[in-house]
Structure formats: C-alpha cells, structure tokens
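Engineer: Have a look at the structure that comes next, please.
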Amino acid sequence: MPIYECIKVETENRVTTVTLDRPAKRNAMSPQLNDEMLDALTRLASDPETDVLVLTGAGESFTAGMDLQEYFRDTENDPVLSERAKWTMREWSYNRLRFFPRPTIAAVNGWCFGGGFMPLVSCDFAIAADEAQFGLSEVNWGILPGGLVTRDVVLSMGYRDALYYALTGKPFDGKRAKEVGLVNDSVPRDQLDAAVAELTGTLLALNPHTVRATKEALRHSATMNYEQATDYLAAKSAQLSARDPEQGRKKGLSQFLDTKEFKPGLGAYRRAAQDA
Ligand code: ACO
C-alpha cells in the first residue's frame with residue numbers, strides 16, 4: 001500500500017481502517033484526498049487481508065465535507081479540473097464504497113457535513129459518537145446537497161427527516177442521527193471504538209463469501225423489478241454455492257441436522273480454522 005498524505009490505511013486482524021487524515025482542515029475532502037481514496041479502495045477491493053473496512057476521521061471530525069477552497073474555488077475556472085474532481089469523488093464515495101466487496105462501517109467520530117454524507121450513506125453500517133454533529137449544510141450557502149446525497153439520503157433516513165434537514169440545514173447530533181435511521185447506533189465518544197469492534201467481531205465470525213454475496217444481493221436487487229430480481233437472486237445463490245470454498249451451506253445444514261451442534265437462528269455455524 002502506498003504512503004498517502006491525506007488518508008491513513010491500517011490493517012489489523014482482518015479489519016482495515018481507513019482514516020480521513022487532514023485534521024487541521026477537519027478532514028475536508030480535497031481533490032488529493034479523493035484521488036487517494038480512489039486508489040486505496042481500488043487496491044483494498046482485492047486485498048486478501050481485508051474482511052471488513054472501517055471508515056473514520058482523524059481528530060474531532062469525520063469530515064467537514066468537500067474542501068471549499070480546493071474542491072470548489074480552485075477548480076471553478078478550470079472545467080477539466082472541476083470535472084475530474086467531481087468524477088473522482090463520485091467514483092470512490094459512491095461506486096467503489098457502495099459496492100466494496102466486503103462489509104463497510106462508517107465510524108462517525110465528529111463533524112459530518114455536506115458531501116461527507118456521501119461516504120456515510122454509501123457504507124453498509126454507520127455508528128456515531130453521541131457527540132458527533134451532522135448537517136446537510138449546503139442549503140446554508142447556496143448549493144444542493146453534494147453529489148448523489150440528494151438521492152441516497154432518503155434510503156437511510158426517513159423522507160420527512162431528509163426533507164427537514166436538507167431544507168433547513170440544521171445540524172443534529174449522533175443520538176438524533178440514530179433516531180432518524182441515518183446510523184445504526186450512537187454511543188458516547190469514548191465507546192465508539194468498542195462499538196465498532198463488536199460489530200466487526202460479529203461480521204468476522206461469519207463466512208465472508210456469504211456476507212459478500214448477501215451484500216451484493218441487497219445492493220443490486222433493490223433497483224430491479226421483481227422478474228429481474230427473481231432471476232438475479234437465483235443466479236446469485238447458485239454462484240455462491242459454486243464459489244464458496246468453505247461450502248458453508250452444507251456445513252451449516254450438517255451441523256444443525258446431523259451433529260446437532262448448531263442453531264442457525266442463534267448465530268454463525270462453526271467454521272474450521274483453515275477456512276477462517
Ligand atoms: N473546506 C475547506 N476547509 C475547511 C472546511 C471545508 N469544508 N471545513 C473546515 N475547514 C478549515 C477551515 O477553513 C480552517 O482552516 P484554517 O485553520 O486554515 O483557517 C480549519 O479547517 C478549521 O476550521 P474551523 O472552522 O476553524 O474549525 P471549527 O472546529 O471551529 O469548526 C466546522 C468546524 C463546524 C466543521 C466548520 O469548519 C465548518 O462549518 N466547516 C464547513 C462545513 C460544511 O458546511 N461543509 C459542507 C461543504 S459543502 C459540500 O460538502 C458539498
């Protein structure tokens with residue numbers, strides 16, 4: 001993995017944490033940061049050491065959104081630079097992150113504004129610090145919510161709450177983010193790492209091939225009609241059975257029906273050490 005200037009990438013026990021790392025600028029997303037995120041996510045997508053990806057921010061901020069100087073002002077008179085900056089942002093925070101082949105968790109440690117909602121809603125899970133402050137602040141200064149946030153925020157938040165916060169620009173904290181469904185959970189700041197570790201532990205105990213196929217099935221089938229979804233999901237299921245080196249389906253059935261050591265309703269089947 002290259003040494004980056006605006007992000008930090010660390011892998012430990014199959015969990016890779018990517019930290020937006022411009023604390024002096026509240027981790028605002030500059031074109032350089034976006035280039036680095038695109039490069040890192042492209043590499044990590046095929047990294048055999050990564051089974052879960054966590055995205056967080058350095059210091060007191062998750063991200064203060066797009067870098068108002070470098071992303072907006074410095075590109076406004078250069079259409080090529082501007083187009084490239086927009087493409088890179090959209091590519092990493094929408095396509096690569098949303099369809100990242102492993103589960104992804106946003107650990108929202110502090111400020112999360114504007115374009116920061118894009119990576120937030122693209123992650124599969126989000127856990128916030130109670131003290132974090134969220135805001136669809138674009139309306140405060142004259143632009144629409146960044147990138148595809150306008151479209152996708154209503155997938156994570158109730159429609160009325162999305163309208164309320166997009167139209168008023170009012171900030172809200174982690175507890176409120178949990179109430180409106182924007183995050184899975186909100187915990188005191190000093191318990192954020194533990195809450196993320198608990199979720200990663202749950203995910204790591206599962207068969208990674210099943211987790212990946214389940215994520216892809218949910219992500220892709222949502223935009224299909226019923227006929228397409230029926231066919232796609234049957235094919236996806238067959239693909240999983242054929243590709244899963246652990247043969248989890250067979251093992252799970254056998255551990256429930258034959259050896260009776262496992263109750264599928266209560267947790268993951270026992271994986272052999274060599275499969276993990
Ligand atoms: N873009 C560029 N620089 C930023 C950004 C940003 N989005 N946010 C903060 N900074 C910079 C500040 O200019 C300042 O730089 P300086 O020290 O060189 O002067 C430094 O980060 C610290 O910022 P402060 O405002 O002093 O920090 P504070 O902790 O008091 O406030 C807050 C933090 C609330 C996040 C504030 O900086 C802020 O409102 N930032 C903009 C948030 C926002 O609305 N973002 C959405 C942008 S639109 C979009 O993303 C599509």
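Ordering of the structure tokens sets the chain letters (A, B, ...), residue numbers begin anew at 1 in every chain, and ligands are numbered from 1 in the order given.
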Using only C-alpha atoms and all ligand atoms, what table do you get, as CSV, when you list each residue of chain A with an atom no more than 9 Å from ligand 1, its nearest pair of atoms, and their distance in Å rounded to one decimal, rows by chain then rising number?

Structural biologist:
```
residue,atom,partner,partner_atom_place_in_ligand_line,distance
A:Arg22,CA,ligand 1,21 (O),8.7
A:Pro23,CA,ligand 1,21 (O),7.7
A:Ala24,CA,ligand 1,20 (C),5.5
A:Lys25,CA,ligand 1,21 (O),3.3
A:Arg26,CA,ligand 1,21 (O),5.1
A:Asn27,CA,ligand 1,8 (N),7.5
A:Ala28,CA,ligand 1,6 (C),4.8
A:Met29,CA,ligand 1,1 (N),7.3
A:Ser30,CA,ligand 1,1 (N),7.9
A:Glu60,CA,ligand 1,29 (O),7.9
A:Ser61,CA,ligand 1,35 (C),7.3
A:Thr63,CA,ligand 1,35 (C),7.6
A:Ala64,CA,ligand 1,42 (C),4.6
A:Gly65,CA,ligand 1,50 (O),3.6
A:Met66,CA,ligand 1,50 (O),3.7
A:Asp67,CA,ligand 1,1 (N),3.3
A:Leu68,CA,ligand 1,1 (N),3.9
A:Gln69,CA,ligand 1,2 (C),5.4
A:Glu70,CA,ligand 1,2 (C),7.1
A:Tyr71,CA,ligand 1,1 (N),8.0
A:Phe72,CA,ligand 1,1 (N),8.8
A:Gly110,CA,ligand 1,35 (C),8.9
A:Trp111,CA,ligand 1,35 (C),5.7
A:Cys112,CA,ligand 1,35 (C),7.5
A:Phe113,CA,ligand 1,45 (N),4.7
A:Gly114,CA,ligand 1,50 (O),3.8
A:Gly115,CA,ligand 1,50 (O),3.6
A:Gly116,CA,ligand 1,50 (O),6.2
A:Phe117,CA,ligand 1,50 (O),8.3
A:Gln133,CA,ligand 1,34 (C),8.5
A:Gly135,CA,ligand 1,44 (O),7.3
A:Leu136,CA,ligand 1,46 (C),7.4
A:Ser137,CA,ligand 1,44 (O),4.7
A:Glu138,CA,ligand 1,48 (S),5.1
A:Val139,CA,ligand 1,48 (S),8.8
A:Asn140,CA,ligand 1,44 (O),7.7
A:Trp141,CA,ligand 1,44 (O),8.2
A:Ile143,CA,ligand 1,51 (C),7.5
A:Leu144,CA,ligand 1,51 (C),7.5
A:Pro145,CA,ligand 1,51 (C),5.8
A:Gly146,CA,ligand 1,51 (C),3.9
A:Gly147,CA,ligand 1,51 (C),7.2
A:Gly169,CA,ligand 1,44 (O),8.9
```

Engineer: Selection from above, C-alpha atoms, as a short mmCIF file (atom, residue, chain, number, x, y, z; two decimals), in the first residue's frame, can you write it?

Structural biologist:
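Ended up saving to out-v8.cif:
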```
data_model
loop_
_atom_site.label_atom_id
_atom_site.label_comp_id
_atom_site.auth_asym_id
_atom_site.auth_seq_id
_atom_site.Cartn_x
_atom_site.Cartn_y
_atom_site.Cartn_z
CA ARG A 22 -6.45 16.19 7.42
CA PRO A 23 -7.42 17.11 10.98
CA ALA A 24 -6.22 20.72 10.62
CA LYS A 25 -8.85 21.11 7.87
CA ARG A 26 -11.41 18.98 9.73
CA ASN A 27 -10.74 16.22 7.15
CA ALA A 28 -12.35 18.24 4.35
CA MET A 29 -12.27 16.24 1.14
CA SER A 30 -9.80 17.83 -1.28
CA GLU A 60 -12.53 15.71 16.17
CA SER A 61 -14.04 15.40 12.71
CA THR A 63 -15.27 15.02 7.56
CA ALA A 64 -16.28 18.66 7.12
CA GLY A 65 -17.49 17.78 3.60
CA MET A 66 -15.95 18.94 0.36
CA ASP A 67 -12.94 21.20 0.67
CA LEU A 68 -14.47 24.57 -0.09
CA GLN A 69 -11.16 26.02 -1.23
CA GLU A 70 -9.53 23.14 -3.12
CA TYR A 71 -12.59 21.30 -4.43
CA PHE A 72 -14.80 24.30 -5.27
CA GLY A 110 -17.20 14.01 14.98
CA TRP A 111 -18.28 16.62 12.40
CA CYS A 112 -20.01 15.19 9.34
CA PHE A 113 -21.23 17.80 6.89
CA GLY A 114 -22.36 18.18 3.31
CA GLY A 115 -20.51 15.89 0.92
CA GLY A 116 -19.50 13.80 3.96
CA PHE A 117 -22.97 12.29 3.75
CA GLN A 133 -22.60 16.70 14.61
CA GLY A 135 -25.54 18.58 8.82
CA LEU A 136 -26.83 18.82 5.27
CA SER A 137 -25.34 22.29 5.36
CA GLU A 138 -25.30 23.04 1.63
CA VAL A 139 -28.56 24.98 1.78
CA ASN A 140 -26.83 27.36 4.21
CA TRP A 141 -24.69 28.75 1.41
CA ILE A 143 -25.88 24.70 -3.36
CA LEU A 144 -27.73 21.39 -3.49
CA PRO A 145 -26.64 18.52 -1.21
CA GLY A 146 -23.35 17.18 -2.59
CA GLY A 147 -23.14 14.55 -5.33
CA GLY A 169 -29.51 22.89 7.04
#
```

Engineer: As a list in words, please: the residues near segment 43-45 of chain A (cut-off 9 Å, only C-alpha atoms, same-chain neighbours under 3 positions excluded).

Structural biologist: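 Close residues of segment 43-45 of chain A: Met1, Thr16, Leu38, Asp39, Ala40, Pro48, Glu49, Thr50, Leu53, Arg96, Phe100, Pro101 and Arg102 of chain A.
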
Engineer: Store the residues of this selection in a file with N, CA, C and O atoms, as an mmCIF file, in the first residue's frame.

Structural biologist:
```cif
data_model
loop_
_atom_site.group_PDB
_atom_site.id
_atom_site.type_symbol
_atom_site.label_atom_id
_atom_site.label_comp_id
_atom_site.auth_asym_id
_atom_site.auth_seq_id
_atom_site.Cartn_x
_atom_site.Cartn_y
_atom_site.Cartn_z
ATOM 1 N N MET A 1 0.855 -1.200 0.000
ATOM 2 C CA MET A 1 0.000 0.000 0.000
ATOM 3 C C MET A 1 0.893 1.252 0.000
ATOM 4 O O MET A 1 1.814 1.334 0.823
ATOM 5 N N THR A 16 -9.583 -3.501 8.039
ATOM 6 C CA THR A 16 -8.804 -2.369 7.541
ATOM 7 C C THR A 16 -9.523 -1.072 7.892
ATOM 8 O O THR A 16 -10.711 -0.903 7.577
ATOM 9 N N LEU A 38 -9.703 6.890 -3.866
ATOM 10 C CA LEU A 38 -9.995 6.036 -5.028
ATOM 11 C C LEU A 38 -8.904 4.975 -5.190
ATOM 12 O O LEU A 38 -9.187 3.791 -5.393
ATOM 13 N N ASP A 39 -7.659 5.402 -5.046
ATOM 14 C CA ASP A 39 -6.542 4.466 -5.175
ATOM 15 C C ASP A 39 -6.595 3.405 -4.074
ATOM 16 O O ASP A 39 -6.474 2.199 -4.341
ATOM 17 N N ALA A 40 -6.822 3.835 -2.843
ATOM 18 C CA ALA A 40 -6.833 2.890 -1.712
ATOM 19 C C ALA A 40 -7.975 1.885 -1.850
ATOM 20 O O ALA A 40 -7.777 0.680 -1.660
ATOM 21 N N PRO A 48 -6.411 -9.601 0.191
ATOM 22 C CA PRO A 48 -6.843 -10.806 0.902
ATOM 23 C C PRO A 48 -6.840 -10.656 2.427
ATOM 24 O O PRO A 48 -7.407 -11.472 3.134
ATOM 25 N N GLU A 49 -6.194 -9.607 2.938
ATOM 26 C CA GLU A 49 -6.140 -9.403 4.399
ATOM 27 C C GLU A 49 -7.345 -8.623 4.926
ATOM 28 O O GLU A 49 -7.489 -8.437 6.130
ATOM 29 N N THR A 50 -8.182 -8.102 4.027
ATOM 30 C CA THR A 50 -9.293 -7.237 4.457
ATOM 31 C C THR A 50 -10.619 -7.971 4.369
ATOM 32 O O THR A 50 -11.076 -8.313 3.283
ATOM 33 N N LEU A 53 -14.120 -3.274 6.245
ATOM 34 C CA LEU A 53 -13.499 -1.953 6.069
ATOM 35 C C LEU A 53 -14.201 -0.950 6.984
ATOM 36 O O LEU A 53 -15.433 -0.881 6.995
ATOM 37 N N ARG A 96 -17.248 2.847 -5.691
ATOM 38 C CA ARG A 96 -16.300 1.918 -5.046
ATOM 39 C C ARG A 96 -16.721 1.578 -3.619
ATOM 40 O O ARG A 96 -16.592 0.443 -3.189
ATOM 41 N N PHE A 100 -18.220 -1.928 -2.483
ATOM 42 C CA PHE A 100 -16.980 -2.537 -1.979
ATOM 43 C C PHE A 100 -17.282 -3.993 -1.627
ATOM 44 O O PHE A 100 -18.291 -4.288 -0.978
ATOM 45 N N PRO A 101 -16.420 -4.923 -2.049
ATOM 46 C CA PRO A 101 -16.781 -6.337 -1.910
ATOM 47 C C PRO A 101 -16.697 -6.910 -0.495
ATOM 48 O O PRO A 101 -16.698 -8.136 -0.328
ATOM 49 N N ARG A 102 -16.618 -6.085 0.493
ATOM 50 C CA ARG A 102 -16.620 -6.507 1.897
ATOM 51 C C ARG A 102 -17.553 -5.560 2.638
ATOM 52 O O ARG A 102 -17.785 -4.447 2.179
#
```

Engineer: Pick out each residue of segment 6-218 of chain A that DSSP on the backbone tags as helix (DSSP H, G or I); I need them as a ChimeraX atom specification.

Structural biologist: /A:23-25,31-44,68-75,79-98,114-122,137-140,149-156,159-168,174-179,189-204,208-218

Engineer: Restricting the output to C-alpha atoms, write the selected residues as a short mmCIF file (atom, residue, chain, number, x, y, z; two decimals), in the first residue's frame.

Structural biologist:
```cif
data_model
loop_
_atom_site.label_atom_id
_atom_site.label_comp_id
_atom_site.auth_asym_id
_atom_site.auth_seq_id
_atom_site.Cartn_x
_atom_site.Cartn_y
_atom_site.Cartn_z
CA PRO A 23 -7.42 17.11 10.98
CA ALA A 24 -6.22 20.72 10.62
CA LYS A 25 -8.85 21.11 7.87
CA PRO A 31 -9.11 16.50 -4.80
CA GLN A 32 -5.91 14.92 -3.47
CA LEU A 33 -7.79 13.17 -0.67
CA ASN A 34 -10.33 11.93 -3.21
CA ASP A 35 -7.58 10.63 -5.52
CA GLU A 36 -6.02 8.80 -2.58
CA MET A 37 -9.35 7.30 -1.51
CA LEU A 38 -10.00 6.04 -5.03
CA ASP A 39 -6.54 4.47 -5.17
CA ALA A 40 -6.83 2.89 -1.71
CA LEU A 41 -10.32 1.44 -2.28
CA THR A 42 -9.25 0.04 -5.65
CA ARG A 43 -6.33 -1.75 -4.01
CA LEU A 44 -8.26 -2.87 -0.93
CA LEU A 68 -14.47 24.57 -0.09
CA GLN A 69 -11.16 26.02 -1.23
CA GLU A 70 -9.53 23.14 -3.12
CA TYR A 71 -12.59 21.30 -4.43
CA PHE A 72 -14.80 24.30 -5.27
CA ARG A 73 -12.88 27.57 -5.57
CA ASP A 74 -9.61 26.27 -7.03
CA THR A 75 -11.42 24.34 -9.78
CA PRO A 79 -13.69 22.85 -16.37
CA VAL A 80 -11.37 19.87 -16.87
CA LEU A 81 -10.04 20.03 -13.32
CA SER A 82 -13.55 20.53 -12.00
CA GLU A 83 -14.95 17.57 -13.95
CA ARG A 84 -12.09 15.35 -12.87
CA ALA A 85 -12.52 16.34 -9.22
CA LYS A 86 -16.25 15.56 -9.36
CA TRP A 87 -15.70 12.24 -11.12
CA THR A 88 -13.11 11.07 -8.60
CA MET A 89 -15.31 12.00 -5.65
CA ARG A 90 -18.33 10.25 -7.12
CA GLU A 91 -16.30 7.20 -8.10
CA TRP A 92 -14.79 6.50 -4.68
CA SER A 93 -17.62 7.61 -2.44
CA TYR A 94 -20.46 6.15 -4.47
CA ASN A 95 -19.35 3.34 -6.79
CA ARG A 96 -16.30 1.92 -5.05
CA LEU A 97 -17.52 2.32 -1.48
CA ARG A 98 -21.14 1.32 -2.03
CA GLY A 114 -22.36 18.18 3.31
CA GLY A 115 -20.51 15.89 0.92
CA GLY A 116 -19.50 13.80 3.96
CA PHE A 117 -22.97 12.29 3.75
CA MET A 118 -21.94 10.56 0.52
CA PRO A 119 -19.41 8.14 2.06
CA LEU A 120 -21.65 7.96 5.14
CA VAL A 121 -24.69 6.66 3.26
CA SER A 122 -22.55 4.50 0.96
CA SER A 137 -25.34 22.29 5.36
CA GLU A 138 -25.30 23.04 1.63
CA VAL A 139 -28.56 24.98 1.78
CA ASN A 140 -26.83 27.36 4.21
CA VAL A 149 -26.63 12.68 -1.44
CA THR A 150 -29.96 14.19 -2.52
CA ARG A 151 -30.98 10.86 -3.99
CA ASP A 152 -29.46 8.50 -1.47
CA VAL A 153 -30.03 10.17 1.88
CA VAL A 154 -33.69 9.11 1.74
CA LEU A 155 -32.55 5.48 1.62
CA SER A 156 -31.01 5.88 5.07
CA TYR A 159 -38.30 11.01 3.88
CA ARG A 160 -39.68 13.77 6.09
CA ASP A 161 -36.49 13.95 8.16
CA ALA A 162 -34.39 14.08 4.98
CA LEU A 163 -36.52 16.96 3.69
CA TYR A 164 -36.35 18.71 7.06
CA TYR A 165 -32.58 18.57 7.38
CA ALA A 166 -31.84 19.22 3.68
CA LEU A 167 -34.16 22.23 3.56
CA THR A 168 -33.22 23.76 6.92
CA GLY A 174 -25.41 11.30 16.87
CA LYS A 175 -28.42 10.43 19.04
CA ARG A 176 -30.73 12.22 16.62
CA ALA A 177 -28.96 10.50 13.69
CA LYS A 178 -29.87 7.18 15.32
CA GLU A 179 -33.49 8.29 15.84
CA ARG A 189 -17.44 9.04 22.00
CA ASP A 190 -15.21 7.02 24.32
CA GLN A 191 -17.19 3.87 23.47
CA LEU A 192 -17.11 4.28 19.69
CA ASP A 193 -14.10 2.03 19.08
CA ALA A 194 -15.61 -0.72 21.25
CA ALA A 195 -18.97 -0.50 19.43
CA VAL A 196 -17.21 -0.75 16.07
CA ALA A 197 -15.11 -3.68 17.33
CA GLU A 198 -18.25 -5.51 18.46
CA LEU A 199 -19.81 -5.17 15.01
CA THR A 200 -16.61 -6.18 13.20
CA GLY A 201 -16.39 -9.21 15.53
CA THR A 202 -19.89 -10.29 14.52
CA LEU A 203 -19.05 -9.89 10.83
CA LEU A 204 -15.71 -11.70 11.08
CA PRO A 208 -17.05 -13.98 4.21
CA HIS A 209 -18.29 -15.42 0.92
CA THR A 210 -21.87 -15.50 2.21
CA VAL A 211 -21.54 -11.98 3.62
CA ARG A 212 -20.24 -10.65 0.31
CA ALA A 213 -22.95 -12.34 -1.76
CA THR A 214 -25.64 -11.11 0.66
CA LYS A 215 -24.39 -7.56 0.40
CA GLU A 216 -24.28 -7.71 -3.39
CA ALA A 217 -27.75 -9.25 -3.49
CA LEU A 218 -29.23 -6.45 -1.38
#
```

Engineer: Determine the nearest neighbour of Phe125 of chain A from the options A:Asn184, A:Ser46, A:Asn109, A:Asn77, counting only C-alpha atoms.

Structural biologist: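 Among the listed residues, the smallest separation from Phe125 of chain A belongs to A:Asn184.
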
Engineer: So, counting only C-alpha atoms, which residue among A:Ile3, A:Ala268, A:Met157, A:Val187 is closest to Glu131 of chain A?

Structural biologist: A:Val187

Engineer: Between atom CA of Asp124 of chain A and atom CA of Pro103 of chain A, measure the distance and give it in Å to one decimal.

Structural biologist: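 Taking atom CA of Asp124 of chain A and atom CA of Pro103 of chain A, their separation equals 6.2 Å.
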